[in-house]
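Student: I'm passing along run.txt; it holds compact mmCIF, C-alpha atoms.
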# COMPACT_ATOMS: atom_id res chain seq x y z
CA MET A 3 -16.44 -26.21 -3.98
CA GLN A 4 -16.58 -23.83 -1.06
CA ARG A 5 -14.70 -20.57 -0.79
CA ARG A 6 -12.14 -20.29 1.99
CA ARG A 7 -12.80 -17.50 4.46
CA ILE A 8 -10.07 -15.81 6.44
CA GLU A 9 -10.92 -14.01 9.65
CA HIS A 10 -8.46 -11.19 10.29
CA ASN A 11 -7.71 -10.14 13.85
CA LYS A 12 -6.07 -6.90 12.73
CA THR A 13 -7.29 -4.11 10.52
CA PHE A 14 -6.13 -3.77 6.94
CA GLU A 15 -4.15 -0.69 7.99
CA GLU A 16 -2.32 -2.63 10.72
CA ARG A 17 -1.51 -5.50 8.37
CA LEU A 18 -0.08 -3.10 5.78
CA ALA A 19 2.06 -1.38 8.41
CA GLU A 20 3.40 -4.72 9.66
CA GLU A 21 4.18 -5.79 6.12
CA ALA A 22 6.10 -2.56 5.45
CA ILE A 23 8.11 -3.02 8.65
CA LYS A 24 8.83 -6.65 7.79
CA PHE A 25 10.14 -5.73 4.34
CA LYS A 26 12.27 -2.86 5.69
CA GLU A 27 13.84 -5.15 8.29
CA ALA A 28 14.57 -7.79 5.66
CA ALA A 29 16.10 -5.12 3.39
CA GLU A 30 18.46 -4.01 6.18
CA LYS A 31 19.92 -7.53 6.24
CA GLN A 32 20.80 -7.34 2.55
CA PRO A 33 23.99 -5.70 1.25
CA PRO A 34 23.56 -2.07 0.12
CA GLY A 35 22.79 -1.74 -3.57
CA SER A 36 21.80 -5.38 -4.04
CA MET A 37 18.80 -6.25 -6.18
CA ALA A 38 17.17 -8.13 -3.30
CA ARG A 39 17.43 -5.06 -1.06
CA GLU A 40 15.92 -2.81 -3.71
CA LEU A 41 13.03 -5.21 -4.28
CA LEU A 42 12.32 -5.43 -0.54
CA LEU A 43 12.38 -1.64 -0.20
CA ARG A 44 10.03 -1.37 -3.19
CA ARG A 45 7.58 -3.77 -1.52
CA ALA A 46 7.76 -1.69 1.68
CA ARG A 47 6.97 1.48 -0.28
CA GLN A 48 4.09 -0.29 -2.02
CA ALA A 49 2.61 -1.29 1.33
CA GLU A 50 2.93 2.31 2.58
CA THR A 51 1.34 3.63 -0.61
CA ALA A 52 -1.52 1.15 -0.27
CA SER A 53 -2.03 2.41 3.27
CA HIS A 54 -2.23 6.02 2.05
CA ILE A 55 -4.67 5.08 -0.71
CA ASN A 56 -6.80 3.18 1.78
CA ASN A 57 -6.90 6.23 4.06
CA TRP A 58 -7.89 8.41 1.12
CA LEU A 59 -10.63 6.04 0.02
CA ASN A 60 -12.04 5.82 3.54
CA SER A 61 -11.93 9.57 4.18
CA PRO A 62 -15.33 11.23 4.67
CA GLY A 63 -14.68 14.03 2.19
CA LEU A 64 -13.45 11.89 -0.67
CA GLN A 65 -11.89 14.19 -3.24
CA PRO A 66 -9.76 13.29 -6.25
CA PRO A 67 -6.07 14.21 -6.00
CA ARG A 68 -5.39 17.77 -7.19
CA ALA A 69 -3.26 16.59 -10.10
CA LEU A 70 -6.04 14.26 -11.25
CA GLY A 71 -8.64 17.01 -10.84
CA ASN A 72 -6.54 19.34 -12.98
CA LEU A 73 -6.10 16.65 -15.62
CA LEU A 74 -9.85 15.99 -15.79
CA SER A 75 -10.69 19.69 -16.02
CA ASP A 76 -8.10 20.12 -18.81
CA GLN A 77 -9.69 17.26 -20.76
CA LYS A 78 -13.12 18.94 -20.64
CA LYS A 79 -11.77 22.05 -22.38
Just give me the structure as structure tokens.

Tutor:
Amino acid sequence: MQRRRIEHNKTFEERLAEEAIKFKEAAEKQPPGSMARELLLRRARQAETASHINNWLNSPGLQPPRALGNLLSDQKK
């Protein structure tokens, strides 16, 4: 059995941005307050959050978030 390979023409960042836009546009077509709209908006936020995490992970000066750093230093005490 051979593993399927997918060649992407766009970067991960671009694909996440497109996905967020797609979910936001789909959410606009749903009635306000509907469960479907809320789920689509949640997926859009998740794609945006994934983009931010990806930027953080790829940053040259990788540092833990301040809140996490404070939590870790508190645990050492």

Student: Give me the residues within 10 Å of Arg44 of chain A as a list in words, counting all atoms listed in the file and dropping any in the same chain fewer than 3 places off.

Tutor: Ala22, Phe25, Lys26, Ala29, Ala38, Arg39, Glu40, Leu41, Arg47, Gln48, Ala49 and Glu50 of chain A

Student: What does the distance between atom CA of Arg45 of chain A and atom CA of Arg6 of chain A come to in Å, to one decimal place?

Tutor: 26.0 Å

Student: Figure out the distance between atom CA of Asn57 of chain A and atom CA of Ile23 of chain A, please, to one decimal in Å.

Tutor: 18.2 Å

Student: Let me have the centre and edge lengths in Å, one decimal, of the box along x, y and z around every listed atom of segment 46-62 of chain A with 6 Å of margin on each side, as lines of an AutoDock Vina configuration file.

Tutor:
center_x = -3.8
center_y = 4.8
center_z = 1.3
size_x = 35.1
size_y = 24.9
size_z = 18.7

Student: By how many Å are atom CA of Ala52 of chain A and atom CA of Arg5 of chain A apart?

Tutor: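 Atom CA of Arg5 of chain A lies 25.4 Å from atom CA of Ala52 of chain A.
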
Student: Using all atoms listed in the file, which residue out of A:Ile8, A:Met3, A:Ala28, A:Arg17 lies closest to Ser53 of chain A?

Tutor: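 Distance minimum relative to Ser53 of chain A lands on A:Arg17.
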
Student: Using all atoms listed in the file, which of A:Glu30, A:Leu18, A:Gln4, A:Asn56 sits nearest Leu43 of chain A?

Tutor: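 Looking at the shortest contact to Leu43 of chain A, the residue is A:Glu30.
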
Student: Using the partial input, fill out segment 37-48 of chain A with all heavy atoms; write the result as an mmCIF file, in the coordinates of the input.

Tutor:
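File out.cif, as written:
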data_model
loop_
_atom_site.group_PDB
_atom_site.id
_atom_site.type_symbol
_atom_site.label_atom_id
_atom_site.label_comp_id
_atom_site.auth_asym_id
_atom_site.auth_seq_id
_atom_site.Cartn_x
_atom_site.Cartn_y
_atom_site.Cartn_z
ATOM 1 N N MET A 37 20.127 -6.186 -5.558
ATOM 2 C CA MET A 37 18.800 -6.250 -6.180
ATOM 3 C C MET A 37 17.757 -6.693 -5.171
ATOM 4 O O MET A 37 16.645 -6.165 -5.140
ATOM 5 C CB MET A 37 18.831 -7.207 -7.375
ATOM 6 C CG MET A 37 17.499 -7.311 -8.091
ATOM 7 S SD MET A 37 16.949 -5.757 -8.808
ATOM 8 C CE MET A 37 17.887 -5.757 -10.292
ATOM 9 N N ALA A 38 18.114 -7.644 -4.311
ATOM 10 C CA ALA A 38 17.170 -8.130 -3.300
ATOM 11 C C ALA A 38 16.757 -7.003 -2.365
ATOM 12 O O ALA A 38 15.583 -6.860 -2.023
ATOM 13 C CB ALA A 38 17.795 -9.278 -2.514
ATOM 14 N N ARG A 39 17.730 -6.188 -1.948
ATOM 15 C CA ARG A 39 17.430 -5.060 -1.060
ATOM 16 C C ARG A 39 16.484 -4.069 -1.734
ATOM 17 O O ARG A 39 15.528 -3.601 -1.129
ATOM 18 C CB ARG A 39 18.728 -4.374 -0.650
ATOM 19 C CG ARG A 39 18.519 -3.206 0.298
ATOM 20 C CD ARG A 39 19.848 -2.529 0.608
ATOM 21 N NE ARG A 39 19.665 -1.422 1.487
ATOM 22 C CZ ARG A 39 20.050 -1.395 2.753
ATOM 23 N NH1 ARG A 39 20.648 -2.437 3.275
ATOM 24 N NH2 ARG A 39 19.848 -0.322 3.489
ATOM 25 N N GLU A 40 16.764 -3.763 -2.979
ATOM 26 C CA GLU A 40 15.920 -2.810 -3.710
ATOM 27 C C GLU A 40 14.497 -3.336 -3.864
ATOM 28 O O GLU A 40 13.538 -2.585 -3.748
ATOM 29 C CB GLU A 40 16.538 -2.493 -5.078
ATOM 30 C CG GLU A 40 17.883 -1.798 -5.003
ATOM 31 C CD GLU A 40 17.838 -0.505 -4.201
ATOM 32 O OE1 GLU A 40 16.885 0.272 -4.363
ATOM 33 O OE2 GLU A 40 18.762 -0.290 -3.394
ATOM 34 N N LEU A 41 14.364 -4.623 -4.134
ATOM 35 C CA LEU A 41 13.030 -5.210 -4.280
ATOM 36 C C LEU A 41 12.266 -5.186 -2.956
ATOM 37 O O LEU A 41 11.063 -4.893 -2.922
ATOM 38 C CB LEU A 41 13.129 -6.638 -4.807
ATOM 39 C CG LEU A 41 13.575 -6.779 -6.259
ATOM 40 C CD1 LEU A 41 13.778 -8.244 -6.617
ATOM 41 C CD2 LEU A 41 12.586 -6.134 -7.198
ATOM 42 N N LEU A 42 12.966 -5.462 -1.852
ATOM 43 C CA LEU A 42 12.320 -5.430 -0.540
ATOM 44 C C LEU A 42 11.892 -4.010 -0.179
ATOM 45 O O LEU A 42 10.796 -3.794 0.358
ATOM 46 C CB LEU A 42 13.261 -5.990 0.523
ATOM 47 C CG LEU A 42 13.482 -7.503 0.447
ATOM 48 C CD1 LEU A 42 14.685 -7.909 1.286
ATOM 49 C CD2 LEU A 42 12.236 -8.247 0.890
ATOM 50 N N LEU A 43 12.743 -3.030 -0.474
ATOM 51 C CA LEU A 43 12.380 -1.640 -0.200
ATOM 52 C C LEU A 43 11.199 -1.190 -1.071
ATOM 53 O O LEU A 43 10.345 -0.427 -0.628
ATOM 54 C CB LEU A 43 13.584 -0.719 -0.412
ATOM 55 C CG LEU A 43 14.697 -0.867 0.625
ATOM 56 C CD1 LEU A 43 15.909 -0.036 0.226
ATOM 57 C CD2 LEU A 43 14.192 -0.475 2.005
ATOM 58 N N ARG A 44 11.156 -1.697 -2.305
ATOM 59 C CA ARG A 44 10.030 -1.370 -3.190
ATOM 60 C C ARG A 44 8.727 -1.924 -2.620
ATOM 61 O O ARG A 44 7.707 -1.251 -2.606
ATOM 62 C CB ARG A 44 10.264 -1.933 -4.583
ATOM 63 C CG ARG A 44 9.111 -1.604 -5.536
ATOM 64 C CD ARG A 44 9.238 -2.279 -6.864
ATOM 65 N NE ARG A 44 10.471 -1.902 -7.528
ATOM 66 C CZ ARG A 44 10.844 -2.405 -8.703
ATOM 67 N NH1 ARG A 44 10.087 -3.282 -9.326
ATOM 68 N NH2 ARG A 44 11.975 -2.032 -9.266
ATOM 69 N N ARG A 45 8.784 -3.158 -2.119
ATOM 70 C CA ARG A 45 7.580 -3.770 -1.520
ATOM 71 C C ARG A 45 7.137 -2.984 -0.290
ATOM 72 O O ARG A 45 5.946 -2.806 -0.060
ATOM 73 C CB ARG A 45 7.857 -5.222 -1.141
ATOM 74 C CG ARG A 45 8.067 -6.166 -2.311
ATOM 75 C CD ARG A 45 6.801 -6.453 -3.092
ATOM 76 N NE ARG A 45 5.724 -6.940 -2.287
ATOM 77 C CZ ARG A 45 5.415 -8.209 -2.068
ATOM 78 N NH1 ARG A 45 6.131 -9.149 -2.623
ATOM 79 N NH2 ARG A 45 4.399 -8.536 -1.319
ATOM 80 N N ALA A 46 8.098 -2.490 0.505
ATOM 81 C CA ALA A 46 7.760 -1.690 1.680
ATOM 82 C C ALA A 46 7.071 -0.401 1.254
ATOM 83 O O ALA A 46 6.056 0.000 1.846
ATOM 84 C CB ALA A 46 9.017 -1.381 2.493
ATOM 85 N N ARG A 47 7.597 0.249 0.221
ATOM 86 C CA ARG A 47 6.970 1.480 -0.280
ATOM 87 C C ARG A 47 5.576 1.203 -0.830
ATOM 88 O O ARG A 47 4.656 2.010 -0.660
ATOM 89 C CB ARG A 47 7.847 2.121 -1.366
ATOM 90 C CG ARG A 47 9.026 2.872 -0.828
ATOM 91 C CD ARG A 47 9.700 3.729 -1.905
ATOM 92 N NE ARG A 47 10.053 2.978 -3.100
ATOM 93 C CZ ARG A 47 11.210 2.339 -3.276
ATOM 94 N NH1 ARG A 47 12.125 2.341 -2.352
ATOM 95 N NH2 ARG A 47 11.452 1.694 -4.400
ATOM 96 N N GLN A 48 5.409 0.059 -1.492
ATOM 97 C CA GLN A 48 4.090 -0.290 -2.020
ATOM 98 C C GLN A 48 3.079 -0.482 -0.904
ATOM 99 O O GLN A 48 1.930 -0.046 -1.021
ATOM 100 C CB GLN A 48 4.175 -1.564 -2.871
ATOM 101 C CG GLN A 48 4.853 -1.355 -4.197
ATOM 102 C CD GLN A 48 5.074 -2.661 -4.942
ATOM 103 O OE1 GLN A 48 5.025 -3.748 -4.369
ATOM 104 N NE2 GLN A 48 5.350 -2.560 -6.236
#
